Amino acid sequence: MALLMTQFTLLLWKNFTLRRRQKVRLLVEILWPLFLFIILVGVRTTNKPVFKSQCHYPNKAMPSAGVLPWLQGIICNLDNPCLEYPTPGEAPGQVNNFNNSVVAGFLIEFQDMLVNRSFLSNVGMLVNDLDQWDAVSSNINGQSVPLRSLLNDDENFSVYLRDELSVPPPVVQSLMKANVTINPMMAVAGDPRSVLCEGTAPLDEFIQFQSQAEKEAFVNVSCSLEPQQLREGQRMFLQNLDQTKLLTMFARLQQSAAFQAARSLDFRANMMGSINLMLCGKTVDFNSTNATRPRIDARETTASVWNSSTNSSGFCETLITTLEETPGLRYLWGALRPLVQGKVLYTPDTPAARLLVTQANATFNALATLKELSDSWEEVGPRIWTFLNSSSIVEQLRVSLENPVFAAFLDQQLNGTGLTSALIAGFLYNGPPEERPPGGPQSDWRDVYRAAGQAAAMFSQLLGCLDLNKFEPASTEQQLVSRALDLLEEERFWAGVVFENLPPNTTRLPAYVKYTIRMDIDEVERTDEVKRRSWSPGAKDNIFNDLRYIWGGFAYLQDMLDSGVARAHGSTPLVGVYAQQMPYPCYVNDGFIGSIGVTLSLPLLMTLAWIFSVALIVKGIVQEKEARLKETMRIMGLRTSIHWLTWAFSSMLPLAVSAALLAVLLKYGSVLYYSDPTLVFVFLLAFCTATVTQCFLISVFFSKANLAAACAGLVYFVLYLPYVLCYAWKDSMRFGAKVAVSLLSCVAFGYGCENLSKYEEQGLGIQWSNIAQSPEEGTRYSFLVSILMMLLDALLYWTLTCYIENVFPGQYGIPKPWYFLVTRSYWCGTTAAASTVHPDTLKNPGVQNGYLEKPPPDMKAGVSIQNLVKIYKTGKKLAVDGLSVDFYENQITSFLGHNGAGKTTTMSILTGLFPPTSGTALIHGLDIHTDMDAIRKHLGMCPQHNVLFNDLTVEEHVYFYARLKGLSRAEVAAEMDQMIADVGLPHKRKDLSKNLSGGMQRKLSVAIAFPTAGWTPRPPGIWELLLKYKQGRVAGGG
């Protein structure tokens, strides 16, 4: 055990000494990983976490809520906006989010008119009312009308006559029933007595009583009044006139939604903006949504659509082409395509099914009514223009508003309403725009008319592009699928509906109607998962990825079918359905962690960071094997396990230092802000361990150092690539599959980085408390599993390294049988008793002949070679042919022969560098085939080639090999000076071996192991050295 510990510390000293003298390599090994991660930290500084406030979402109306709310929900919620404040639709009892829209304003203002009336009947009512207003105006200006109809509903003129002027009630009643002509009466100036009593003008031009008696009674009462009383009565009459009704109507129109919209709507120049303002009360920004979209100029696009065609067919073709080819509007087209072009197939084609789809198509029937309303503008519009432009009543109002007295009187009546006579006059202005009076409104009734005309024309053309008969029958389900495939090719397929329990030949419906909706897989959510296994902060509000049931039209169709079933069953009234997305609380959005920071970049950067170290580790190991240093040390007694263990420690130390620095850098560089840095260091250290043993495994397949270094980096990087595939397939891989692929350490490391990423996204970070818990619900692959798998990988790589090296040692070494792990000699070792084993093969009479010298008597053979044969595989060259010879103890035996005679090959076989093709050799009774490890404990060799470390000095070489043979420090110190002096290198003891000449390097080789090879025995120092150390040993050379 002490010898093993000595070998372990000795090889550590050797490796660290060599590493210490390669300063550039050491710095690169430590700093190169830091350089890459400093870049990652730099990227992190430009991708800081972003605080996201709470999100509230507008509700989304289904078709059952009504055509207008449904269209508003589709267009106005196209981007599913995230709002920081509660939306109106979240309040109890309120569902409309668009009360500020122009359309909503219209509905509120004309609510009384629209109640219990259809659109078309209301249009007719409006036209008739305009005609009646014009007729009243004509009557007022030229014909008589009942006096009572001209007064307010709550008039007090009659009360004034009775109470203040003492006019008898019968006279008051007859006056209220009399017909009057307003213009002549309004034109009377001065004292009314001149008309009533003095006869300056016929009274019948002003008032027509029902009888002469009533006229005479009125004249008598009027003439009995004082002039001042008559003037007060005239003033009271004017005060009770109902002209302000019409004026107030125009005043309200001045502030109405239509008039306000006229100032901002321009359907020809900006159709999309005008539609959004009209339906939503705001302009939707297509470039600021929950999905990334290209920027567009909707103003130019929609203007070109409007102007490109005036007929409906051409307009539709141009509109669809523009929507499909404009990047930003393409998303709008994706939402509207089912409404515009989509077909809903249904089966079976039975009376009950036809009844259901007829009821379900009610939403689109309402759209057809809306189109009729838009088309009716062609009839209504000119009549409205005529009324506002040239009707007598509007002209009379314009004239009256120019009268300062009337204007002042009207302002007094409108006090507190926010309206003035100037605003009404500005609205009714009919002259050239450039001559509009300064200080007044900049728009008038003509702007309202223009906006209404454009809106009606636009809606008429848009609705003309719709296929309002959405449902198409199919007799069987197979035909439905076939037809659906055809429609998919034409991009005209919305969905298929299969009714499962309808009777075949009747319209009578079952109590519960069962149906199935079938849609294109890209238009609906996945059905193989209820929720995502991996939670990350952030609302699922992306309209394209998270709300597919809304975006694809599935929810709309289901609502239409449910409403159709309810109507077919006679259920009234129907309830409109709204979908309301739950609000989402505030959170920190750190896209860097989940996208590029940890999940993918950390495994890749770690692979690139240590690829240089991997190449150097493999090169160093293979370089010792290529220079036969490893086998020489084994000949000197080095245990193979000690060799690998010291390489593991010396390789791990630089990686551990860089791992510690990386843990600090990742923590305080805010890459892993929440995680425990000590646990991150343990994680990186486990990966370093697996990486080092992986280097050992790679090294056993190579015998050339440079080639091994180049291939090691490539193999190391290639072993990372499976993780990329595993990450792409993570949703389909279960725990067992992940454990299996984690036998590749890079994959296990990648899975660990995934856990790091998830915990960082959740704001928890990896901690010692959650190391055994997976951040993904329903999965068992935790951070601890990743660490354990990397340690298991390290053990597996080490085991494979030892096995492959023993069974396939390569160019140098004796191979063991594949079952060597179950042999007793491998675990317990082999010993041979010198007193019982006498391998004196040549003393056997069976091998005696005339060509063999008789063995010396009373001498013990330490080495016995028996029929040794060596044939090199390369070129099938015979190097040793049936050699049998004994080496005796206390003797020096030498091979003599020409170059290529097999001298070096024989010595290499005896020392375990090469395996024999056939035959064997016994060394102290131990077979070189099976007992080479035991043989090497008593073996020393000076090979024909140099076995020196370039960066060790002369005295370090002597110290290293002497200690490797088992000498103590004191023994080495006592004999080192003598040994160096014996080989003639005392003046070079501090020089590195790479700086020595070839002869000096051979002398150093003699100093570390004797006898020599490639030298003639004439130098007296070497020969004397051999004689000095031959006692008790078997010395041989060639």
# chains A, B, ... in the order shown; residues from 1 in each chain; ligands from 1
>>> select_by_dssp(residues="region 565-792 of chain A", states="helix (DSSP H, G or I)", output="PyMOL selection string")
chain A and resi 565-568+591-597+601-609+611-626+629-635+640-668+677-699+705-718+721-728+735-741+745-761+783-792
>>> write_last_selection(atoms="C-alpha atoms", output="compact mmCIF listing (two decimals), in the first residue's frame")
# COMPACT_ATOMS: atom_id res chain seq x y z
CA VAL A 565 -79.98 23.78 -31.36
CA ALA A 566 -81.55 26.04 -28.75
CA ARG A 567 -83.62 27.93 -31.33
CA ALA A 568 -84.69 24.67 -32.97
CA GLY A 591 -36.42 35.62 -22.07
CA PHE A 592 -32.63 35.32 -21.99
CA ILE A 593 -32.70 32.41 -19.55
CA GLY A 594 -35.21 30.27 -21.40
CA SER A 595 -34.19 31.03 -24.96
CA ILE A 596 -30.44 31.55 -25.32
CA GLY A 597 -29.01 31.96 -21.84
CA SER A 601 -26.11 28.05 -24.72
CA LEU A 602 -24.68 26.70 -21.47
CA PRO A 603 -24.13 23.10 -22.71
CA LEU A 604 -22.76 24.39 -26.01
CA LEU A 605 -20.46 26.95 -24.42
CA MET A 606 -19.26 24.41 -21.87
CA THR A 607 -18.43 22.03 -24.69
CA LEU A 608 -16.52 24.72 -26.54
CA ALA A 609 -14.91 25.98 -23.33
CA ILE A 611 -12.65 21.35 -25.97
CA PHE A 612 -9.09 22.67 -25.81
CA SER A 613 -8.49 20.95 -22.47
CA VAL A 614 -9.94 17.73 -23.82
CA ALA A 615 -7.58 17.80 -26.78
CA LEU A 616 -4.56 18.46 -24.52
CA ILE A 617 -5.49 15.75 -22.02
CA VAL A 618 -5.91 13.14 -24.74
CA LYS A 619 -2.71 14.27 -26.45
CA GLY A 620 -0.71 14.03 -23.21
CA ILE A 621 -1.97 10.51 -22.49
CA VAL A 622 -1.38 9.23 -26.02
CA GLN A 623 1.99 10.98 -26.22
CA GLU A 624 3.26 8.96 -23.28
CA LYS A 625 1.98 5.82 -24.98
CA GLU A 626 3.49 6.77 -28.33
CA LEU A 629 7.00 6.14 -21.59
CA LYS A 630 3.90 4.49 -20.19
CA GLU A 631 5.18 0.96 -20.85
CA THR A 632 8.61 1.89 -19.54
CA MET A 633 7.09 3.09 -16.29
CA ARG A 634 5.06 -0.09 -16.11
CA ILE A 635 8.27 -2.07 -16.62
CA THR A 640 -1.89 0.83 -14.39
CA SER A 641 -4.56 2.02 -11.94
CA ILE A 642 -2.09 4.50 -10.45
CA HIS A 643 -1.29 5.77 -13.92
CA TRP A 644 -4.95 6.58 -14.65
CA LEU A 645 -5.67 7.91 -11.18
CA THR A 646 -2.84 10.43 -11.31
CA TRP A 647 -3.89 11.54 -14.78
CA ALA A 648 -7.42 12.03 -13.42
CA PHE A 649 -6.23 14.22 -10.53
CA SER A 650 -3.81 16.25 -12.61
CA SER A 651 -6.42 16.82 -15.31
CA MET A 652 -9.22 17.60 -12.89
CA LEU A 653 -7.39 20.34 -11.02
CA PRO A 654 -7.27 22.95 -13.86
CA LEU A 655 -10.85 22.08 -14.82
CA ALA A 656 -11.98 22.41 -11.20
CA VAL A 657 -10.35 25.84 -10.94
CA SER A 658 -12.08 27.02 -14.10
CA ALA A 659 -15.36 25.48 -12.87
CA ALA A 660 -15.12 27.44 -9.62
CA LEU A 661 -14.44 30.66 -11.49
CA LEU A 662 -17.31 29.89 -13.86
CA ALA A 663 -19.72 29.33 -10.98
CA VAL A 664 -18.81 32.74 -9.55
CA LEU A 665 -19.05 34.36 -12.99
CA LEU A 666 -22.47 32.82 -13.73
CA LYS A 667 -23.81 33.83 -10.33
CA TYR A 668 -22.55 37.38 -10.13
CA PRO A 677 -23.30 29.00 -6.63
CA THR A 678 -21.97 26.10 -4.53
CA LEU A 679 -24.49 23.76 -6.12
CA VAL A 680 -23.65 25.13 -9.57
CA PHE A 681 -19.98 24.39 -8.81
CA VAL A 682 -20.81 20.81 -7.80
CA PHE A 683 -22.77 20.44 -11.02
CA LEU A 684 -19.87 21.71 -13.13
CA LEU A 685 -17.43 19.56 -11.17
CA ALA A 686 -19.47 16.45 -11.92
CA PHE A 687 -19.36 17.34 -15.60
CA CYS A 688 -15.59 17.87 -15.38
CA THR A 689 -15.22 14.41 -13.86
CA ALA A 690 -17.23 12.81 -16.65
CA THR A 691 -15.28 14.81 -19.24
CA VAL A 692 -11.89 13.67 -17.93
CA THR A 693 -12.88 10.00 -17.93
CA GLN A 694 -14.33 10.50 -21.38
CA CYS A 695 -10.90 11.72 -22.45
CA PHE A 696 -9.39 8.52 -21.06
CA LEU A 697 -11.84 6.45 -23.08
CA ILE A 698 -11.07 8.38 -26.26
CA SER A 699 -7.30 7.98 -25.72
CA ALA A 705 -0.65 11.92 -30.21
CA ASN A 706 -1.38 14.62 -32.80
CA LEU A 707 -4.08 12.58 -34.49
CA ALA A 708 -5.60 11.79 -31.11
CA ALA A 709 -5.70 15.47 -30.14
CA ALA A 710 -7.46 16.48 -33.36
CA CYS A 711 -9.99 13.66 -33.20
CA ALA A 712 -10.63 14.06 -29.48
CA GLY A 713 -11.95 17.61 -29.93
CA LEU A 714 -14.16 16.49 -32.80
CA VAL A 715 -15.51 13.45 -30.94
CA TYR A 716 -16.13 15.52 -27.83
CA PHE A 717 -18.17 18.06 -29.81
CA VAL A 718 -20.08 15.39 -31.75
CA LEU A 721 -25.04 17.08 -30.69
CA PRO A 722 -27.48 14.37 -29.48
CA TYR A 723 -28.63 16.78 -26.80
CA VAL A 724 -29.91 19.15 -29.49
CA LEU A 725 -32.16 16.36 -30.79
CA CYS A 726 -33.18 15.38 -27.27
CA TYR A 727 -34.16 18.97 -26.56
CA ALA A 728 -36.29 19.05 -29.71
CA PHE A 735 -37.85 9.21 -17.93
CA GLY A 736 -36.36 5.91 -19.08
CA ALA A 737 -35.40 7.29 -22.47
CA LYS A 738 -33.81 10.35 -20.88
CA VAL A 739 -31.78 8.17 -18.52
CA ALA A 740 -30.63 6.04 -21.45
CA VAL A 741 -29.40 8.97 -23.52
CA SER A 745 -22.36 12.96 -20.29
CA CYS A 746 -23.03 15.97 -22.54
CA VAL A 747 -26.70 14.99 -22.74
CA ALA A 748 -26.93 14.59 -18.96
CA PHE A 749 -25.29 17.98 -18.59
CA GLY A 750 -27.77 19.48 -21.03
CA TYR A 751 -30.72 18.12 -19.06
CA GLY A 752 -29.22 19.62 -15.92
CA CYS A 753 -28.98 22.97 -17.68
CA GLU A 754 -32.67 22.66 -18.59
CA ASN A 755 -33.54 22.31 -14.91
CA LEU A 756 -31.34 25.29 -14.13
CA SER A 757 -33.16 27.31 -16.77
CA LYS A 758 -36.63 26.36 -15.56
CA TYR A 759 -35.86 27.18 -11.94
CA GLU A 760 -34.32 30.49 -12.97
CA GLU A 761 -37.39 31.36 -15.04
CA PHE A 783 -31.18 18.17 -11.21
CA LEU A 784 -29.91 15.47 -8.84
CA VAL A 785 -30.55 12.80 -11.46
CA SER A 786 -28.45 14.79 -13.91
CA ILE A 787 -25.52 14.95 -11.45
CA LEU A 788 -25.79 11.27 -10.60
CA MET A 789 -25.92 10.33 -14.27
CA MET A 790 -22.73 12.29 -14.97
CA LEU A 791 -20.99 10.51 -12.10
CA LEU A 792 -22.32 7.20 -13.43
>>> residues_around(residues="Leu547 (chain A)", least_positions_apart="5", cutoff="9 Å", atoms="only C-alpha atoms", output="ChimeraX atom specification")
/A:524-525,540-542,552
>>> write_last_selection(atoms="N, CA and C atoms", output="mmCIF file, in the first residue's frame")
data_model
loop_
_atom_site.group_PDB
_atom_site.id
_atom_site.type_symbol
_atom_site.label_atom_id
_atom_site.label_comp_id
_atom_site.auth_asym_id
_atom_site.auth_seq_id
_atom_site.Cartn_x
_atom_site.Cartn_y
_atom_site.Cartn_z
ATOM 1 N N VAL A 524 -56.500 24.354 -34.374
ATOM 2 C CA VAL A 524 -56.993 24.066 -33.026
ATOM 3 C C VAL A 524 -55.806 23.709 -32.142
ATOM 4 N N GLU A 525 -56.080 23.625 -30.846
ATOM 5 C CA GLU A 525 -55.050 23.263 -29.876
ATOM 6 C C GLU A 525 -54.739 21.771 -29.972
ATOM 7 N N LYS A 540 -50.465 33.173 -21.197
ATOM 8 C CA LYS A 540 -50.665 32.487 -22.466
ATOM 9 C C LYS A 540 -51.689 33.282 -23.277
ATOM 10 N N ASP A 541 -51.221 34.400 -23.810
ATOM 11 C CA ASP A 541 -52.141 35.313 -24.484
ATOM 12 C C ASP A 541 -51.767 35.569 -25.931
ATOM 13 N N ASN A 542 -50.862 34.779 -26.461
ATOM 14 C CA ASN A 542 -50.512 34.944 -27.867
ATOM 15 C C ASN A 542 -51.666 34.459 -28.724
ATOM 16 N N GLY A 552 -58.896 30.104 -34.703
ATOM 17 C CA GLY A 552 -59.262 29.185 -35.779
ATOM 18 C C GLY A 552 -60.739 29.112 -36.065
#
>>> atom_distance(atom1="CA of Gly576 (chain A)", atom2="CA of Val530 (chain A)")
27.3 Å
>>> closest_residue(among="A:Tyr515, A:Trp494, A:Phe157, A:Phe8", to="Gly342 (chain A)", atoms="only C-alpha atoms")
A:Trp494
>>> atom_distance(atom1="CA of Tyr803 (chain A)", atom2="CA of Lys965 (chain A)")
25.9 Å
